[in-house]
file structure_17.txt (compact mmCIF, C-alpha atoms and all ligand atoms)
# COMPACT_ATOMS: atom_id res chain seq x y z
CA MET G 1 -7.92 15.79 5.67
CA ILE G 2 -5.93 14.17 8.47
CA LEU G 3 -6.25 10.43 9.11
CA ASN G 4 -6.07 9.38 12.75
CA CYS G 5 -3.94 6.22 12.87
CA ALA G 6 -4.48 5.10 16.48
CA GLY G 7 -3.45 8.53 17.76
CA LYS G 8 -0.75 9.23 15.18
CA PRO G 9 -1.84 11.72 12.50
CA LEU G 10 -1.31 11.07 8.80
CA ASP G 11 -1.76 14.45 7.12
CA LEU G 12 -3.30 13.96 3.69
CA THR G 13 -3.43 17.67 2.88
CA HIS G 14 -0.25 16.82 0.97
CA PRO G 15 0.82 13.50 -0.59
CA GLN G 16 2.60 11.08 1.70
CA VAL G 17 5.08 8.26 1.27
CA MET G 18 4.37 4.92 2.93
CA GLY G 19 7.80 3.33 3.50
CA ILE G 20 7.96 -0.42 2.93
CA LEU G 21 9.43 -2.48 5.76
CA ASN G 22 9.42 -6.16 4.91
CA VAL G 23 10.15 -8.47 7.81
CA THR G 24 10.09 -11.64 5.74
CA PRO G 25 13.04 -13.90 4.98
CA ASP G 26 11.91 -14.08 1.32
CA SER G 27 11.03 -10.50 0.32
CA PHE G 28 11.82 -10.12 -3.34
CA SER G 29 13.56 -6.76 -3.46
CA ASP G 30 15.44 -6.50 -0.17
CA GLY G 31 16.49 -10.14 0.11
CA GLY G 32 15.08 -10.41 3.61
CA GLU G 33 17.94 -8.37 5.02
CA PHE G 34 15.71 -6.70 7.64
CA VAL G 35 14.45 -9.77 9.41
CA ALA G 36 16.10 -8.96 12.73
CA THR G 37 14.28 -6.39 14.86
CA ASP G 38 17.37 -4.17 15.22
CA ALA G 39 17.90 -4.01 11.49
CA ALA G 40 14.20 -3.32 10.93
CA LEU G 41 14.29 -0.50 13.48
CA ALA G 42 17.37 1.01 11.83
CA GLN G 43 15.57 0.93 8.48
CA ALA G 44 12.50 2.54 10.05
CA ARG G 45 14.66 5.34 11.54
CA LYS G 46 16.12 6.01 8.11
CA MET G 47 12.68 6.11 6.49
CA VAL G 48 11.47 8.63 9.10
CA ALA G 49 14.57 10.78 8.51
CA ASP G 50 13.93 10.54 4.76
CA GLY G 51 10.41 11.92 5.18
CA ALA G 52 8.08 8.90 5.27
CA GLY G 53 4.61 9.68 6.63
CA ILE G 54 3.85 6.09 7.61
CA ILE G 55 5.73 2.78 7.75
CA ASP G 56 4.15 -0.39 6.34
CA VAL G 57 5.28 -3.50 8.23
CA GLY G 58 4.69 -6.80 6.44
CA GLY G 59 5.49 -10.33 7.63
CA GLU G 60 4.31 -12.39 4.65
CA SER G 61 5.54 -11.96 1.11
CA THR G 62 2.83 -11.35 -1.48
CA ARG G 63 5.25 -12.14 -4.30
CA PRO G 64 3.68 -14.48 -6.87
CA GLY G 65 4.28 -18.04 -5.67
CA ALA G 66 5.72 -17.06 -2.26
CA VAL G 67 5.46 -19.48 0.66
CA LEU G 68 2.53 -18.98 3.01
CA VAL G 69 3.18 -18.43 6.70
CA SER G 70 0.99 -19.27 9.71
CA VAL G 71 -0.75 -16.62 11.82
CA GLU G 72 1.63 -17.39 14.68
CA GLU G 73 4.74 -17.02 12.52
CA GLU G 74 3.48 -13.80 10.97
CA ILE G 75 2.73 -12.33 14.43
CA ALA G 76 6.16 -13.41 15.67
CA ARG G 77 7.76 -11.52 12.78
CA VAL G 78 5.79 -8.25 12.90
CA VAL G 79 4.88 -7.62 16.55
CA PRO G 80 8.45 -7.12 17.90
CA VAL G 81 9.18 -4.73 15.03
CA ILE G 82 5.97 -2.74 15.59
CA GLN G 83 6.70 -2.51 19.33
CA ALA G 84 10.27 -1.36 18.67
CA ILE G 85 9.17 1.34 16.21
CA ARG G 86 6.31 2.43 18.48
CA SER G 87 8.59 2.81 21.50
CA GLU G 88 11.12 4.97 19.66
CA LEU G 89 9.59 6.74 16.66
CA ASP G 90 6.66 9.16 16.41
CA ILE G 91 5.21 7.86 13.14
CA PRO G 92 2.05 5.97 12.19
CA ILE G 93 2.61 2.28 11.48
CA SER G 94 0.58 0.26 9.03
CA ILE G 95 0.22 -3.53 9.16
CA ASP G 96 0.37 -5.28 5.79
CA THR G 97 -1.71 -8.39 6.36
CA SER G 98 -4.90 -10.17 5.32
CA LYS G 99 -5.17 -12.30 8.45
CA PRO G 100 -7.60 -11.13 11.17
CA GLY G 101 -5.40 -12.53 13.97
CA VAL G 102 -2.40 -10.58 12.70
CA MET G 103 -4.49 -7.40 12.34
CA ARG G 104 -5.60 -7.62 15.98
CA ALA G 105 -2.11 -8.42 17.33
CA ALA G 106 -0.46 -5.67 15.26
CA ILE G 107 -2.96 -2.98 16.27
CA LYS G 108 -2.60 -4.03 19.91
CA ALA G 109 1.19 -3.70 19.55
CA GLY G 110 0.85 -0.13 18.25
CA ALA G 111 0.06 -0.20 14.53
CA GLY G 112 -2.57 2.34 13.43
CA LEU G 113 -3.66 1.34 9.92
CA ILE G 114 -4.59 -1.96 8.25
CA ASN G 115 -3.22 -2.47 4.74
CA ASP G 116 -5.04 -5.47 3.31
CA VAL G 117 -4.27 -6.69 -0.22
CA CYS G 118 -7.39 -8.90 0.10
CA ALA G 119 -9.66 -5.93 0.93
CA LEU G 120 -11.00 -7.61 4.15
CA GLN G 121 -12.38 -10.61 2.22
CA VAL G 122 -10.75 -13.25 4.45
CA GLU G 123 -13.20 -14.74 6.95
CA GLY G 124 -13.13 -12.65 10.14
CA ALA G 125 -11.12 -9.76 8.66
CA MET G 126 -14.07 -7.40 8.38
CA GLN G 127 -14.95 -7.88 12.06
CA ALA G 128 -11.28 -7.48 13.07
CA ALA G 129 -11.18 -4.15 11.23
CA VAL G 130 -14.43 -3.01 12.91
CA ASP G 131 -13.01 -3.89 16.34
CA CYS G 132 -9.60 -2.28 15.65
CA ASN G 133 -11.28 1.01 14.60
CA VAL G 134 -8.31 2.25 12.56
CA PRO G 135 -8.06 3.35 8.90
CA VAL G 136 -8.10 0.51 6.36
CA CYS G 137 -6.60 0.34 2.88
CA LEU G 138 -8.77 -1.82 0.63
CA MET G 139 -6.73 -3.13 -2.31
CA HIS G 140 -8.02 -4.79 -5.46
CA SER G 141 -6.54 -8.14 -6.42
CA GLN G 142 -7.77 -10.73 -8.87
CA GLY G 143 -7.09 -14.15 -7.33
CA ASN G 144 -4.59 -14.88 -4.55
CA PRO G 145 -0.80 -14.31 -4.74
CA GLN G 146 -0.24 -17.98 -5.65
CA THR G 147 -2.40 -17.89 -8.76
CA MET G 148 -3.07 -14.24 -9.60
CA GLN G 149 -0.70 -13.99 -12.57
CA ASN G 150 -2.25 -17.05 -14.26
CA ASN G 151 -4.25 -15.49 -17.08
CA PRO G 152 -5.93 -12.47 -15.45
CA GLN G 153 -9.03 -11.32 -17.39
CA TYR G 154 -11.25 -8.24 -17.26
CA ASP G 155 -14.12 -6.88 -19.34
CA ASP G 156 -12.80 -3.36 -18.71
CA VAL G 157 -10.05 -3.32 -16.10
CA VAL G 158 -10.64 0.28 -14.98
CA THR G 159 -14.41 -0.15 -14.56
CA ASP G 160 -14.05 -3.61 -12.98
CA VAL G 161 -11.48 -2.48 -10.39
CA ILE G 162 -13.48 0.62 -9.47
CA ALA G 163 -16.70 -1.42 -9.15
CA PHE G 164 -14.95 -3.94 -6.87
CA LEU G 165 -13.49 -1.24 -4.61
CA LEU G 166 -16.82 0.59 -4.41
CA GLU G 167 -18.56 -2.66 -3.49
CA ARG G 168 -15.97 -3.37 -0.76
CA ALA G 169 -16.25 0.20 0.58
CA ILE G 170 -20.04 -0.15 0.82
CA ALA G 171 -19.68 -3.55 2.55
CA CYS G 172 -17.31 -1.94 5.09
CA GLU G 173 -19.72 0.91 5.79
CA GLN G 174 -22.56 -1.58 6.28
CA VAL G 175 -20.68 -3.41 9.05
CA GLY G 176 -19.78 -0.16 10.78
CA ILE G 177 -16.41 0.96 9.42
CA ALA G 178 -16.76 4.72 8.97
CA ARG G 179 -16.32 5.94 5.41
CA ASP G 180 -13.65 8.40 6.54
CA LEU G 181 -11.47 5.47 7.63
CA LEU G 182 -11.31 3.97 4.12
CA ILE G 183 -8.46 4.19 1.60
CA LEU G 184 -8.69 2.62 -1.88
CA ASP G 185 -5.92 1.02 -3.95
CA PRO G 186 -6.17 -0.45 -7.49
CA GLY G 187 -3.51 -3.05 -6.63
CA PHE G 188 -0.91 -2.65 -9.36
CA GLY G 189 0.53 -6.04 -10.30
CA PHE G 190 -2.06 -8.08 -8.41
CA GLY G 191 -3.72 -10.25 -11.05
CA LYS G 192 -3.03 -7.79 -13.87
CA ARG G 193 -1.23 -8.00 -17.18
CA ALA G 194 1.12 -5.27 -18.41
CA THR G 195 -1.68 -3.52 -20.32
CA HIS G 196 -4.07 -3.74 -17.37
CA ASN G 197 -1.52 -1.98 -15.14
CA LEU G 198 -0.85 0.73 -17.71
CA LEU G 199 -4.57 1.36 -18.23
CA LEU G 200 -5.16 1.61 -14.48
CA MET G 201 -2.35 4.15 -14.22
CA LYS G 202 -3.57 6.18 -17.19
CA HIS G 203 -7.11 6.34 -15.78
CA LEU G 204 -6.33 6.53 -12.05
CA SER G 205 -8.25 9.82 -11.83
CA LYS G 206 -11.48 7.84 -12.31
CA LEU G 207 -10.81 5.96 -9.07
CA ILE G 208 -9.87 9.22 -7.34
CA GLU G 209 -13.23 10.68 -8.39
CA LEU G 210 -14.95 8.33 -5.90
CA GLY G 211 -13.75 10.81 -3.27
CA LEU G 212 -11.86 8.47 -0.95
CA PRO G 213 -8.08 8.78 -0.50
CA VAL G 214 -6.18 6.58 -2.98
CA LEU G 215 -2.97 4.69 -2.24
CA VAL G 216 -0.69 3.50 -5.05
CA GLY G 217 2.03 0.85 -4.88
CA VAL G 218 4.25 0.75 -7.95
CA SER G 219 7.73 0.75 -6.40
CA ARG G 220 10.09 -1.51 -8.40
CA LYS G 221 7.16 -3.53 -9.72
CA SER G 222 7.12 -5.83 -12.72
CA MET G 223 4.93 -3.41 -14.68
CA ILE G 224 8.15 -1.39 -15.00
CA GLY G 225 10.17 -4.46 -15.93
CA ASN G 226 7.58 -5.37 -18.56
CA SER G 227 7.72 -1.96 -20.24
CA LEU G 228 11.42 -1.16 -19.89
CA LYS G 229 13.11 -4.58 -19.56
CA VAL G 230 15.12 -3.45 -16.54
CA SER G 231 15.97 -5.47 -13.42
CA VAL G 232 14.49 -4.76 -9.97
CA GLU G 233 17.59 -2.74 -8.97
CA GLU G 234 17.22 -0.51 -12.04
CA ARG G 235 13.60 0.59 -11.52
CA LEU G 236 13.96 3.71 -9.33
CA ALA G 237 13.55 6.37 -12.03
CA ALA G 238 10.51 4.65 -13.51
CA SER G 239 9.03 4.12 -10.03
CA LEU G 240 9.35 7.87 -9.41
CA SER G 241 7.75 8.63 -12.76
CA LEU G 242 4.74 6.46 -11.89
CA ALA G 243 4.56 8.02 -8.41
CA ALA G 244 4.43 11.49 -10.00
CA ILE G 245 1.79 10.42 -12.54
CA SER G 246 -0.29 9.05 -9.65
CA VAL G 247 -0.01 12.13 -7.45
CA TRP G 248 -0.69 14.42 -10.40
CA GLN G 249 -4.05 12.62 -10.79
CA GLY G 250 -4.79 12.94 -7.06
CA ALA G 251 -3.30 9.89 -5.29
CA LYS G 252 -2.58 10.71 -1.65
CA ILE G 253 -0.27 7.90 -0.48
CA ILE G 254 2.60 6.30 -2.42
CA ARG G 255 3.96 3.01 -1.08
CA SER G 256 7.69 2.89 -1.78
CA HIS G 257 11.02 1.23 -0.99
CA ASP G 258 12.89 4.49 -1.81
CA VAL G 259 11.51 7.03 0.61
CA LEU G 260 13.79 10.06 0.11
CA GLU G 261 13.54 10.06 -3.68
CA THR G 262 9.79 9.43 -3.65
CA VAL G 263 9.16 12.26 -1.15
CA GLN G 264 11.06 14.64 -3.43
CA ALA G 265 9.22 13.49 -6.55
CA ILE G 266 5.75 13.79 -5.05
CA MET G 267 6.35 17.00 -3.08
CA MET G 268 7.53 18.60 -6.33
CA CYS G 269 4.23 17.50 -7.89
CA ASP G 270 2.39 18.96 -4.93
CA HIS G 271 4.13 22.33 -5.35
CA VAL G 272 3.14 22.49 -9.00
CA MET G 273 -0.43 21.42 -8.22
CA LYS G 274 -0.88 24.05 -5.50
CA VAL G 275 0.87 27.10 -6.97
CA LYS G 276 -1.40 30.16 -7.15
CA GLY G 277 -1.17 33.02 -9.63
CA ILE G 278 -2.16 33.84 -13.20
CA GLU G 279 -3.86 30.78 -14.69
C1 LIG G 301 1.04 -3.35 -2.59
C2 LIG G 301 0.78 -3.61 -1.24
C3 LIG G 301 2.34 -4.95 -1.96
C4 LIG G 301 0.28 -2.35 -3.23
C5 LIG G 301 -0.85 -2.00 -1.13
C6 LIG G 301 5.24 -5.18 -3.72
C7 LIG G 301 1.63 -5.23 0.46
C8 LIG G 301 4.26 -6.24 -3.52
N1 LIG G 301 2.03 -4.18 -3.01
N2 LIG G 301 -0.15 -2.95 -0.51
N3 LIG G 301 1.60 -4.62 -0.86
N4 LIG G 301 -0.65 -1.69 -2.46
N5 LIG G 301 -1.78 -1.31 -0.46
O1 LIG G 301 5.81 -5.19 -4.85
O2 LIG G 301 0.39 -2.05 -4.42
O3 LIG G 301 5.53 -4.35 -2.86
S1 LIG G 301 3.51 -6.24 -1.91
call {"tool": "encode", "arguments": {"input": "structure_17.txt", "output": "structure tokens"}}
result
Amino acid sequence: MILNCAGKPLDLTHPQVMGILNVTPDSFSDGGEFVATDAALAQARKMVADGAGIIDVGGESTRPGAVLVSVEEEIARVVPVIQAIRSELDIPISIDTSKPGVMRAAIKAGAGLINDVCALQVEGAMQAAVDCNVPVCLMHSQGNPQTMQNNPQYDDVVTDVIAFLLERAIACEQVGIARDLLILDPGFGFGKRATHNLLLMKHLSKLIELGLPVLVGVSRKSMIGNSLKVSVEERLAASLSLAAISVWQGAKIIRSHDVLETVQAIMMCDHVMKVKGIE
């Protein structure tokens, strides 16, 4: 299956890495070092050379407790970067936003996929996605980034997350977003305790059974810190382990800060999964 991201193909016949490009002054793991367009473009070039299949541009931090930015400020951060990447690099671009105005501006500037951690629940986002007519990643979150880590609760986290994503997928289809444009994501770390994240990872195959492509974001996340007590800079090996566990269960897109290493980890999985011979 090949996703058409506004004319740029994202080939999901093998797993792909979505490279993270934060254009925020307060991004937790890159210290906002890629705020300037030139620096962002240089980072995008490196991610393409390292084998990324798509680049995820985000202008607002979703870190717990991060400052909110206006639509205008978010557009001012992401649009120049999207235009610069689009003019030079032949790679699909995804826009990490929940704001309908940012979705529209980013797609107009050349992005080809909407990555929404609020699963199009913000007023006007569903219509923006219909009008943009690009693939959409629907992510589960319990609560908003300001409050989500305050006492998250589930009856059964795996069942609850799957039910939410299925409900959002059906809502999208009802307003006219084709099913083959939808990607699902359990939203690791978004309103989940350590055990919730581990359970979602262990049972990811249940989400994959819905039949839509699944995206996983675990790169350097606190679920690793919680289990291993290592700092953000020391989470690469564990991030790769979780990427491999995800792809082994059928995840198609891995969102990562460390593109080269993640491509190697998941392509190795893919080789093992596809080898033919005596069973
Ligand atoms: C995810 C994400 C973040 C994720 C999708 C971080 C924007 C926090 N995490 N989008 N965004 N899935 N689809 O640690 O897990 O990168 S931000």
call {"tool": "atom_distance", "arguments": {"input": "structure_17.txt", "atom1": "atom CA of G:Leu204", "atom2": "atom CA of G:Asp180"}}
result
20.1 Å
call {"tool": "residues_near_ligand", "arguments": {"input": "structure_17.txt", "ligand": "ligand LIG 301 (chain G)", "cutoff": "7 Å", "atoms": "only C-alpha atoms and all ligand atoms", "output": "list in words"}}
result
Gly58, Ser61, Thr62, Arg63, Asp96, Asn115, Asp116, Val117, Cys137, Met139, Asp185, Gly187, Phe188, Leu215, Val216, Gly217, Val218, Ser219, Arg220, Lys221 and Arg255 of chain G
call {"tool": "closest_residue", "arguments": {"input": "structure_17.txt", "among": "G:Leu41, G:Ala52, G:Val67, G:Leu12", "to": "G:Leu260", "atoms": "only C-alpha atoms"}}
result
G:Ala52
call {"tool": "atom_distance", "arguments": {"input": "structure_17.txt", "atom1": "atom CA of G:Ala44", "atom2": "atom CA of G:Leu89"}}
result
8.4 Å
call {"tool": "atom_distance", "arguments": {"input": "structure_17.txt", "atom1": "atom CA of G:Pro152", "atom2": "atom CA of G:Ser98"}}
result
20.9 Å
call {"tool": "residues_around", "arguments": {"input": "structure_17.txt", "residues": "G:Ile20", "least_positions_apart": "6", "cutoff": "7 Å", "atoms": "all atoms listed in the file", "output": "PDB file with C-alpha atoms, in the coordinates of the input"}}
result
ATOM      1  CA  ILE G  55       5.730   2.780   7.750  1.00  0.00           C
ATOM      2  CA  ASP G  56       4.150  -0.390   6.340  1.00  0.00           C
ATOM      3  CA  VAL G  57       5.280  -3.500   8.230  1.00  0.00           C
ATOM      4  CA  ARG G 255       3.960   3.010  -1.080  1.00  0.00           C
ATOM      5  CA  SER G 256       7.690   2.890  -1.780  1.00  0.00           C
ATOM      6  CA  HIS G 257      11.020   1.230  -0.990  1.00  0.00           C
TER       7      HIS G 257
END
call {"tool": "build_atoms", "arguments": {"input": "structure_17.txt", "residues": "stretch 44-55 of chain G", "atoms": "all heavy atoms", "output": "compact mmCIF listing (two decimals), in the frame of the given file"}}
result
# COMPACT_ATOMS: atom_id res chain seq x y z
N ALA G 44 13.63 1.66 9.74
CA ALA G 44 12.50 2.54 10.05
C ALA G 44 13.00 3.95 10.40
O ALA G 44 12.43 4.95 9.95
CB ALA G 44 11.68 1.97 11.20
N ARG G 45 14.06 4.02 11.20
CA ARG G 45 14.66 5.34 11.54
C ARG G 45 15.05 6.09 10.28
O ARG G 45 14.81 7.28 10.14
CB ARG G 45 15.94 5.12 12.36
CG ARG G 45 15.75 4.99 13.82
CD ARG G 45 17.13 4.98 14.52
NE ARG G 45 17.02 4.21 15.73
CZ ARG G 45 17.62 3.04 15.97
NH1 ARG G 45 18.45 2.51 15.09
NH2 ARG G 45 17.43 2.41 17.10
N LYS G 46 15.67 5.38 9.35
CA LYS G 46 16.12 6.01 8.11
C LYS G 46 14.91 6.50 7.30
O LYS G 46 14.92 7.61 6.76
CB LYS G 46 16.95 5.04 7.27
CG LYS G 46 17.44 5.67 5.98
CD LYS G 46 18.39 4.79 5.21
CE LYS G 46 19.06 5.57 4.07
NZ LYS G 46 18.11 6.16 3.14
N MET G 47 13.86 5.70 7.26
CA MET G 47 12.68 6.11 6.49
C MET G 47 12.02 7.35 7.11
O MET G 47 11.55 8.23 6.38
CB MET G 47 11.70 4.94 6.38
CG MET G 47 12.28 3.81 5.52
SD MET G 47 11.07 2.60 4.93
CE MET G 47 10.61 1.84 6.44
N VAL G 48 12.01 7.43 8.43
CA VAL G 48 11.47 8.63 9.10
C VAL G 48 12.33 9.84 8.74
O VAL G 48 11.82 10.89 8.35
CB VAL G 48 11.40 8.42 10.63
CG1 VAL G 48 11.05 9.74 11.32
CG2 VAL G 48 10.38 7.35 10.98
N ALA G 49 13.65 9.68 8.84
CA ALA G 49 14.57 10.78 8.51
C ALA G 49 14.41 11.20 7.05
O ALA G 49 14.56 12.38 6.71
CB ALA G 49 16.02 10.36 8.78
N ASP G 50 14.09 10.27 6.19
CA ASP G 50 13.93 10.54 4.76
C ASP G 50 12.57 11.14 4.42
O ASP G 50 12.31 11.47 3.26
CB ASP G 50 14.14 9.26 3.95
CG ASP G 50 15.61 8.84 3.89
OD1 ASP G 50 16.48 9.63 4.31
OD2 ASP G 50 15.89 7.71 3.42
N GLY G 51 11.68 11.22 5.41
CA GLY G 51 10.41 11.92 5.18
C GLY G 51 9.19 11.04 5.00
O GLY G 51 8.13 11.52 4.57
N ALA G 52 9.27 9.76 5.36
CA ALA G 52 8.08 8.90 5.27
C ALA G 52 7.00 9.43 6.20
O ALA G 52 7.29 9.97 7.28
CB ALA G 52 8.43 7.47 5.66
N GLY G 53 5.74 9.27 5.79
CA GLY G 53 4.61 9.68 6.63
C GLY G 53 4.06 8.53 7.42
O GLY G 53 3.35 8.71 8.42
N ILE G 54 4.36 7.32 6.98
CA ILE G 54 3.85 6.09 7.61
C ILE G 54 4.77 4.95 7.19
O ILE G 54 5.36 5.00 6.10
CB ILE G 54 2.37 5.84 7.22
CG1 ILE G 54 1.80 4.60 7.92
CG2 ILE G 54 2.17 5.77 5.71
CD1 ILE G 54 0.27 4.52 7.90
N ILE G 55 4.89 3.95 8.06
CA ILE G 55 5.73 2.78 7.75
C ILE G 55 4.85 1.54 7.69
O ILE G 55 4.07 1.27 8.60
CB ILE G 55 6.85 2.61 8.80
CG1 ILE G 55 7.81 3.79 8.70
CG2 ILE G 55 7.59 1.28 8.60
CD1 ILE G 55 8.87 3.81 9.76
